[in-house]
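Enquirer: Encoded as structure tokens, here's the structure I'll be asking about.
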Amino acid sequence: LTCGPGRAMAVALVLGLACLAQTAPSQDASSDGRAQADAYRVHHVHALLTQRANKLLPNPTRYWQKMGHVGQVPEEVFALRTISRAYPGVVCEVGFNAGHSAALWLENTTSTLVEFDMLGLPYSNVSRRFVRKRYPGRTRFCVGDSKVTLAAYAAEVTRGESSPCTVVFIDGDHTPEGSMADVRNALAASSRDRWRPTVLVMDDTTSRFPGVQRAWQWAVQRGSVAEMGCYSFQKPWPAGMKGWCVGLVVNATLGVASIMSAQAD
């Protein structure tokens, strides 16, 4: 690791214990109360988002069984909320869907959110209006293919025109090509500050999506990302296996170099 050892250790402890905290009762009643209040707030926002989306779907139950969203995985909700509180700043999210994960980054935090999404789903614009209204002045939507839009944002970061991502959450194109492009561009949009490395979270890094797994492994094996942990949970049908990986971007310049190499090819 090229980041500060104290910070790296703190992040490792926070993320490594996130899932266990779902079942381990706290001895601090006030802490439990705050956690329950936070969980209620997030659940309430998720319910509002789902409710609005359902009005535009012919068969909501069947749709959500196939599409899914982060609110269906309590362990991941807890983990992302933990990261959102530990790392306030600029969150870059690839894949907006109905806005459930956006709420995790914005609800009761000071962070701003940069979204990269096609906004082509039946409820996309309704969800975007809801998020913009609830969190005024804290969102930026880069509409289009993330292979283009995230690369453009990374170029802005390189030129000093936009802030690097404090956190990157990738849950977009699950094809091998799309996953690799998102990882490369996410690295290029990350912080170059060795004492404040970007946190990278990649969703669906399970055997269900081998292209996503390979993109994550590429970043780790290349030395761009220090993996802090990968988590998976078997959920009842039809959700099936759910999982994600978390790491620190310890060499963002490799992302820039790999993009330039890919463009040259």
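A note on labels: chains of the structure tokens are A, B, ... as shown, every chain counts residues from 1, and ligands are counted from 1 in their shown order.
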Which residues in stretch 9-187 of chain A does DSSP call strand (DSSP E)? List them as a ChimeraX atom specification.

Expert: /A:90-94,112-117,139-143,167-170

Enquirer: What's around A:Thr112 at 7 Å? Count only C-alpha atoms, leave out sequence neighbours fewer than 4 positions away in its own chain, and write the answer as a list in words.

Expert: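 Answer for this query is Gly89, Val90, Val91, Arg138 and Thr139 of chain A.
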
Enquirer: When you look at A:Ala53 with a cut-off of 8 Å (counting only C-alpha atoms), what residues show up, excluding the ones that are within fewer than 3 positions of it in the same chain? I need them as a PyMOL selection string.

Expert: chain A and resi 49-50+56-57+98+122-123+126-127

Enquirer: Include all heavy atoms and write out the residues we just selected as a PDB file, in the first residue's frame.

Expert:
```pdb
ATOM      1  N   LEU A  49     -38.773   5.781  -3.744  1.00  0.00           N
ATOM      2  CA  LEU A  49     -38.236   5.588  -5.088  1.00  0.00           C
ATOM      3  C   LEU A  49     -38.917   4.414  -5.783  1.00  0.00           C
ATOM      4  O   LEU A  49     -39.299   4.505  -6.958  1.00  0.00           O
ATOM      5  CB  LEU A  49     -36.724   5.342  -5.013  1.00  0.00           C
ATOM      6  CG  LEU A  49     -35.861   6.571  -4.739  1.00  0.00           C
ATOM      7  CD1 LEU A  49     -34.469   6.154  -4.268  1.00  0.00           C
ATOM      8  CD2 LEU A  49     -35.767   7.454  -5.978  1.00  0.00           C
ATOM      9  N   THR A  50     -39.068   3.312  -5.065  1.00  0.00           N
ATOM     10  CA  THR A  50     -39.714   2.134  -5.650  1.00  0.00           C
ATOM     11  C   THR A  50     -41.164   2.434  -5.993  1.00  0.00           C
ATOM     12  O   THR A  50     -41.666   2.030  -7.054  1.00  0.00           O
ATOM     13  CB  THR A  50     -39.641   0.949  -4.668  1.00  0.00           C
ATOM     14  OG1 THR A  50     -38.269   0.698  -4.326  1.00  0.00           O
ATOM     15  CG2 THR A  50     -40.231  -0.316  -5.296  1.00  0.00           C
ATOM     16  N   LEU A  56     -44.823   3.282 -13.261  1.00  0.00           N
ATOM     17  CA  LEU A  56     -44.484   3.289 -14.674  1.00  0.00           C
ATOM     18  C   LEU A  56     -44.169   1.889 -15.207  1.00  0.00           C
ATOM     19  O   LEU A  56     -43.749   1.740 -16.355  1.00  0.00           O
ATOM     20  CB  LEU A  56     -43.282   4.203 -14.917  1.00  0.00           C
ATOM     21  CG  LEU A  56     -43.494   5.661 -14.512  1.00  0.00           C
ATOM     22  CD1 LEU A  56     -42.182   6.430 -14.576  1.00  0.00           C
ATOM     23  CD2 LEU A  56     -44.534   6.322 -15.415  1.00  0.00           C
ATOM     24  N   LEU A  57     -44.395   0.877 -14.364  1.00  0.00           N
ATOM     25  CA  LEU A  57     -44.093  -0.495 -14.751  1.00  0.00           C
ATOM     26  C   LEU A  57     -45.374  -1.315 -14.856  1.00  0.00           C
ATOM     27  O   LEU A  57     -46.227  -1.248 -13.964  1.00  0.00           O
ATOM     28  CB  LEU A  57     -43.165  -1.150 -13.721  1.00  0.00           C
ATOM     29  CG  LEU A  57     -41.787  -0.504 -13.556  1.00  0.00           C
ATOM     30  CD1 LEU A  57     -41.061  -1.124 -12.363  1.00  0.00           C
ATOM     31  CD2 LEU A  57     -40.962  -0.655 -14.823  1.00  0.00           C
ATOM     32  N   ALA A  98     -32.874   3.068 -10.468  1.00  0.00           N
ATOM     33  CA  ALA A  98     -33.990   3.865  -9.947  1.00  0.00           C
ATOM     34  C   ALA A  98     -33.563   4.802  -8.830  1.00  0.00           C
ATOM     35  O   ALA A  98     -34.412   5.440  -8.199  1.00  0.00           O
ATOM     36  CB  ALA A  98     -35.107   2.951  -9.453  1.00  0.00           C
ATOM     37  N   PRO A 122     -37.747   2.928 -17.914  1.00  0.00           N
ATOM     38  CA  PRO A 122     -39.062   3.608 -17.888  1.00  0.00           C
ATOM     39  C   PRO A 122     -39.184   4.682 -16.816  1.00  0.00           C
ATOM     40  O   PRO A 122     -39.911   5.657 -16.990  1.00  0.00           O
ATOM     41  CB  PRO A 122     -40.034   2.450 -17.618  1.00  0.00           C
ATOM     42  CG  PRO A 122     -39.338   1.229 -18.108  1.00  0.00           C
ATOM     43  CD  PRO A 122     -37.878   1.460 -17.843  1.00  0.00           C
ATOM     44  N   TYR A 123     -38.488   4.512 -15.714  1.00  0.00           N
ATOM     45  CA  TYR A 123     -38.612   5.416 -14.574  1.00  0.00           C
ATOM     46  C   TYR A 123     -37.408   6.338 -14.404  1.00  0.00           C
ATOM     47  O   TYR A 123     -37.315   7.065 -13.421  1.00  0.00           O
ATOM     48  CB  TYR A 123     -38.791   4.594 -13.297  1.00  0.00           C
ATOM     49  CG  TYR A 123     -37.839   3.424 -13.219  1.00  0.00           C
ATOM     50  CD1 TYR A 123     -36.493   3.594 -12.940  1.00  0.00           C
ATOM     51  CD2 TYR A 123     -38.294   2.131 -13.458  1.00  0.00           C
ATOM     52  CE1 TYR A 123     -35.617   2.539 -12.897  1.00  0.00           C
ATOM     53  CE2 TYR A 123     -37.420   1.047 -13.424  1.00  0.00           C
ATOM     54  CZ  TYR A 123     -36.091   1.260 -13.140  1.00  0.00           C
ATOM     55  OH  TYR A 123     -35.217   0.200 -13.106  1.00  0.00           O
ATOM     56  N   VAL A 126     -38.112  10.120 -13.848  1.00  0.00           N
ATOM     57  CA  VAL A 126     -38.871  10.324 -12.608  1.00  0.00           C
ATOM     58  C   VAL A 126     -37.939  10.191 -11.406  1.00  0.00           C
ATOM     59  O   VAL A 126     -37.969  10.998 -10.469  1.00  0.00           O
ATOM     60  CB  VAL A 126     -40.029   9.315 -12.508  1.00  0.00           C
ATOM     61  CG1 VAL A 126     -40.634   9.318 -11.105  1.00  0.00           C
ATOM     62  CG2 VAL A 126     -41.106   9.639 -13.531  1.00  0.00           C
ATOM     63  N   SER A 127     -37.093   9.167 -11.438  1.00  0.00           N
ATOM     64  CA  SER A 127     -36.146   8.952 -10.341  1.00  0.00           C
ATOM     65  C   SER A 127     -35.130  10.094 -10.264  1.00  0.00           C
ATOM     66  O   SER A 127     -34.777  10.550  -9.172  1.00  0.00           O
ATOM     67  CB  SER A 127     -35.416   7.623 -10.543  1.00  0.00           C
ATOM     68  OG  SER A 127     -36.312   6.536 -10.526  1.00  0.00           O
TER      69      SER A 127
END
```

Enquirer: Give me, as a PyMOL selection string, all polymer residues having an atom no more than 6 Å from A:Val246, counting only C-alpha atoms and skipping those fewer than 3 positions away in the same chain.

Expert: chain A and resi 200-201+228-229

Enquirer: Those residues you just picked out, can you put them in a file as an mmCIF file, in the first residue's frame with N, CA and C atoms?

Expert:
```
data_model
loop_
_atom_site.group_PDB
_atom_site.id
_atom_site.type_symbol
_atom_site.label_atom_id
_atom_site.label_comp_id
_atom_site.auth_asym_id
_atom_site.auth_seq_id
_atom_site.Cartn_x
_atom_site.Cartn_y
_atom_site.Cartn_z
ATOM 1 N N LEU A 200 -12.779 2.335 -4.160
ATOM 2 C CA LEU A 200 -13.450 1.767 -5.329
ATOM 3 C C LEU A 200 -14.313 0.600 -4.886
ATOM 4 N N VAL A 201 -15.588 0.664 -5.229
ATOM 5 C CA VAL A 201 -16.532 -0.420 -4.936
ATOM 6 C C VAL A 201 -17.096 -0.914 -6.262
ATOM 7 N N MET A 228 -9.556 -4.606 -0.323
ATOM 8 C CA MET A 228 -9.837 -4.645 1.106
ATOM 9 C C MET A 228 -10.759 -5.801 1.463
ATOM 10 N N GLY A 229 -11.516 -6.268 0.487
ATOM 11 C CA GLY A 229 -12.395 -7.406 0.763
ATOM 12 C C GLY A 229 -13.433 -7.580 -0.318
#
```

Enquirer: Between atom CA of A:Val42 and atom CA of A:Ser111, what distance in Å does the model show, to one decimal?

Expert: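 Separation of atom CA of A:Val42 and atom CA of A:Ser111: 15.4 Å.
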
Enquirer: Applying 7 Å and only C-alpha atoms, which residues near A:Glu227 remain after dropping the ones on its own chain fewer than 3 positions away? List them as a PyMOL selection string.

Expert: chain A and resi 220+246-248

Enquirer: Select, from A:Ala154, A:Ala102, A:Ala35, A:Ala47, the residue with the minimum atom-to-atom distance to A:Phe78, counting only C-alpha atoms.

Expert: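 Using only C-alpha atoms, A:Phe78 sits closest to A:Ala35.
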
Enquirer: Just give me the gap between atom CA of A:His43 and atom CA of A:Phe116 in Å, one decimal is fine.

Expert: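 Value for the atom CA of A:His43-atom CA of A:Phe116 distance: 23.6 Å.
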
Enquirer: Just checking: using only C-alpha atoms, which residue out of A:Ser207, A:Thr149, A:Thr110, A:Thr198 ends up closest to A:Pro164?

Expert: A:Thr198

Enquirer: Using only C-alpha atoms, determine which residues lie at most 10 Å from A:Val212, disregarding the query and same-chain residues fewer than 6 positions distant; provide the list as number ranges by chain.

Expert: A: 170-180, 182-183, 202-206, 218, 244

Enquirer: Write the residues of the preceding selection, restricted to N, CA, C and O atoms, as a PDB file, in the first residue's frame.

Expert:
```pdb
ATOM      1  N   ILE A 170     -19.229   1.192  -9.021  1.00  0.00           N
ATOM      2  CA  ILE A 170     -19.484   0.722 -10.379  1.00  0.00           C
ATOM      3  C   ILE A 170     -20.553  -0.366 -10.372  1.00  0.00           C
ATOM      4  O   ILE A 170     -20.372  -1.435  -9.785  1.00  0.00           O
ATOM      5  N   ASP A 171     -21.654  -0.071 -11.026  1.00  0.00           N
ATOM      6  CA  ASP A 171     -22.741  -1.046 -11.194  1.00  0.00           C
ATOM      7  C   ASP A 171     -23.428  -0.743 -12.521  1.00  0.00           C
ATOM      8  O   ASP A 171     -24.618  -0.444 -12.567  1.00  0.00           O
ATOM      9  N   GLY A 172     -22.651  -0.795 -13.591  1.00  0.00           N
ATOM     10  CA  GLY A 172     -23.167  -0.407 -14.901  1.00  0.00           C
ATOM     11  C   GLY A 172     -23.195  -1.553 -15.882  1.00  0.00           C
ATOM     12  O   GLY A 172     -23.784  -2.602 -15.617  1.00  0.00           O
ATOM     13  N   ASP A 173     -22.526  -1.368 -17.003  1.00  0.00           N
ATOM     14  CA  ASP A 173     -22.449  -2.370 -18.061  1.00  0.00           C
ATOM     15  C   ASP A 173     -21.696  -3.594 -17.531  1.00  0.00           C
ATOM     16  O   ASP A 173     -20.532  -3.497 -17.144  1.00  0.00           O
ATOM     17  N   HIS A 174     -22.360  -4.748 -17.514  1.00  0.00           N
ATOM     18  CA  HIS A 174     -21.754  -5.957 -16.954  1.00  0.00           C
ATOM     19  C   HIS A 174     -21.036  -6.810 -17.997  1.00  0.00           C
ATOM     20  O   HIS A 174     -20.564  -7.903 -17.676  1.00  0.00           O
ATOM     21  N   THR A 175     -20.962  -6.351 -19.241  1.00  0.00           N
ATOM     22  CA  THR A 175     -20.229  -7.098 -20.255  1.00  0.00           C
ATOM     23  C   THR A 175     -18.732  -6.976 -19.969  1.00  0.00           C
ATOM     24  O   THR A 175     -18.297  -6.036 -19.288  1.00  0.00           O
ATOM     25  N   PRO A 176     -17.919  -7.912 -20.474  1.00  0.00           N
ATOM     26  CA  PRO A 176     -16.469  -7.810 -20.252  1.00  0.00           C
ATOM     27  C   PRO A 176     -15.899  -6.475 -20.730  1.00  0.00           C
ATOM     28  O   PRO A 176     -15.102  -5.842 -20.019  1.00  0.00           O
ATOM     29  N   GLU A 177     -16.304  -6.036 -21.917  1.00  0.00           N
ATOM     30  CA  GLU A 177     -15.793  -4.776 -22.462  1.00  0.00           C
ATOM     31  C   GLU A 177     -16.231  -3.593 -21.613  1.00  0.00           C
ATOM     32  O   GLU A 177     -15.431  -2.717 -21.273  1.00  0.00           O
ATOM     33  N   GLY A 178     -17.521  -3.567 -21.274  1.00  0.00           N
ATOM     34  CA  GLY A 178     -18.036  -2.454 -20.486  1.00  0.00           C
ATOM     35  C   GLY A 178     -17.444  -2.394 -19.094  1.00  0.00           C
ATOM     36  O   GLY A 178     -17.111  -1.310 -18.588  1.00  0.00           O
ATOM     37  N   SER A 179     -17.314  -3.548 -18.445  1.00  0.00           N
ATOM     38  CA  SER A 179     -16.749  -3.594 -17.097  1.00  0.00           C
ATOM     39  C   SER A 179     -15.309  -3.116 -17.083  1.00  0.00           C
ATOM     40  O   SER A 179     -14.897  -2.351 -16.211  1.00  0.00           O
ATOM     41  N   MET A 180     -14.531  -3.568 -18.060  1.00  0.00           N
ATOM     42  CA  MET A 180     -13.132  -3.159 -18.123  1.00  0.00           C
ATOM     43  C   MET A 180     -12.997  -1.656 -18.376  1.00  0.00           C
ATOM     44  O   MET A 180     -12.173  -0.976 -17.761  1.00  0.00           O
ATOM     45  N   ASP A 182     -15.149   0.671 -17.576  1.00  0.00           N
ATOM     46  CA  ASP A 182     -15.544   1.409 -16.373  1.00  0.00           C
ATOM     47  C   ASP A 182     -14.433   1.410 -15.332  1.00  0.00           C
ATOM     48  O   ASP A 182     -14.180   2.434 -14.673  1.00  0.00           O
ATOM     49  N   VAL A 183     -13.770   0.271 -15.166  1.00  0.00           N
ATOM     50  CA  VAL A 183     -12.685   0.208 -14.184  1.00  0.00           C
ATOM     51  C   VAL A 183     -11.531   1.112 -14.606  1.00  0.00           C
ATOM     52  O   VAL A 183     -10.995   1.888 -13.806  1.00  0.00           O
ATOM     53  N   MET A 202     -17.021  -2.203  -6.496  1.00  0.00           N
ATOM     54  CA  MET A 202     -17.552  -2.775  -7.733  1.00  0.00           C
ATOM     55  C   MET A 202     -18.621  -3.791  -7.370  1.00  0.00           C
ATOM     56  O   MET A 202     -18.362  -4.751  -6.636  1.00  0.00           O
ATOM     57  N   ASP A 203     -19.811  -3.573  -7.887  1.00  0.00           N
ATOM     58  CA  ASP A 203     -20.940  -4.430  -7.572  1.00  0.00           C
ATOM     59  C   ASP A 203     -20.963  -5.651  -8.493  1.00  0.00           C
ATOM     60  O   ASP A 203     -20.393  -5.640  -9.587  1.00  0.00           O
ATOM     61  N   ASP A 204     -21.623  -6.698  -8.026  1.00  0.00           N
ATOM     62  CA  ASP A 204     -21.856  -7.920  -8.819  1.00  0.00           C
ATOM     63  C   ASP A 204     -20.570  -8.619  -9.240  1.00  0.00           C
ATOM     64  O   ASP A 204     -20.485  -9.190 -10.332  1.00  0.00           O
ATOM     65  N   THR A 205     -19.580  -8.619  -8.365  1.00  0.00           N
ATOM     66  CA  THR A 205     -18.336  -9.341  -8.643  1.00  0.00           C
ATOM     67  C   THR A 205     -18.496 -10.801  -8.204  1.00  0.00           C
ATOM     68  O   THR A 205     -17.800 -11.293  -7.321  1.00  0.00           O
ATOM     69  N   THR A 206     -19.446 -11.494  -8.836  1.00  0.00           N
ATOM     70  CA  THR A 206     -19.722 -12.888  -8.521  1.00  0.00           C
ATOM     71  C   THR A 206     -19.620 -13.724  -9.788  1.00  0.00           C
ATOM     72  O   THR A 206     -19.463 -13.191 -10.899  1.00  0.00           O
ATOM     73  N   TRP A 218      -8.273  -7.705 -12.743  1.00  0.00           N
ATOM     74  CA  TRP A 218      -7.271  -7.007 -13.539  1.00  0.00           C
ATOM     75  C   TRP A 218      -6.704  -5.823 -12.775  1.00  0.00           C
ATOM     76  O   TRP A 218      -5.487  -5.607 -12.726  1.00  0.00           O
ATOM     77  N   TRP A 244     -20.052  -7.964  -3.896  1.00  0.00           N
ATOM     78  CA  TRP A 244     -19.323  -6.765  -4.296  1.00  0.00           C
ATOM     79  C   TRP A 244     -17.915  -6.839  -3.723  1.00  0.00           C
ATOM     80  O   TRP A 244     -17.634  -7.610  -2.802  1.00  0.00           O
TER      81      TRP A 244
END
```

Enquirer: Smallest atom-to-atom distance to A:Tyr40: which of A:Glu107, A:Phe209, A:Asn97, A:Asn125, using only C-alpha atoms?

Expert: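 Checking each of A:Glu107, A:Phe209, A:Asn97, A:Asn125 against A:Tyr40, counting only C-alpha atoms, the winner is A:Glu107.
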
Enquirer: Please indicate the distance in Å from atom CA of A:Glu93 to atom CA of A:Arg192, rounded to one decimal place.

Expert: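 Separation between atom CA of A:Glu93 and atom CA of A:Arg192: 18.7 Å.
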